[in-house]
Amino acid sequence: MTTYLHDGVVFDLTRSFVDVIGVEWEWRGQWNEAGEPLLVSPGLSESPVPLPDVYRDHGPLIPISPRPSAAQYRPAVDYAATVAAGYVESPAAFGVRITPAAVAPALTAHHVNPSPMEQTGFRRFLNTLAGRTP
């Protein structure tokens, strides 16, 4: 493992880094005269930039986790092995799990609040204005 200490942070140069706006930077084994590693961004120009300059202008630099290999992907997407290991439930078990245990009760008239007009006597007041008797 090749490391470089800058600003109290140890950089593992065998890994790629991403800056705060998402540009990826990697070390290709080059050093400048001052002993600083030169980083290259594959998506930008091929002129290498010293790590302290990248850190100052684009930082902080976040290490990218190593990407899984094809050998690591294969077991993860092997459906038969997943089923055999018990990680997948049968369609019947899934149906039982998502079916509600009981049907929600339907609301009836006694669940509904009475009309505000009946509560306050407002309808009776309107009837007296119209000349009707309550």
# chains A, B, ... in the order shown; residues from 1 in each chain; ligands from 1
>>> residues_around(residues="range 40-47 of chain A", least_positions_apart="4", cutoff="10 Å", atoms="only C-alpha atoms", output="list in words")
Ser16, Phe17, Val18, Val23, Glu24, Trp25, Glu26, Trp27, Arg28, Gln30, Leu51 and Val54 of chain A
>>> select_by_dssp(residues="chain A", states="helix (DSSP H, G or I)", output="PyMOL selection string")
chain A and resi 51-58+70-76+79-84+91-98+109-111+116-120+122-129
>>> closest_residue(among="A:Val103, A:Val10, A:Val20, A:Ala76", to="Pro60 in chain A", atoms="only C-alpha atoms")
A:Val20
>>> closest_residue(among="A:Arg132, A:Arg97, A:Arg56, A:Arg124", to="His6 in chain A", atoms="only C-alpha atoms")
A:Arg56
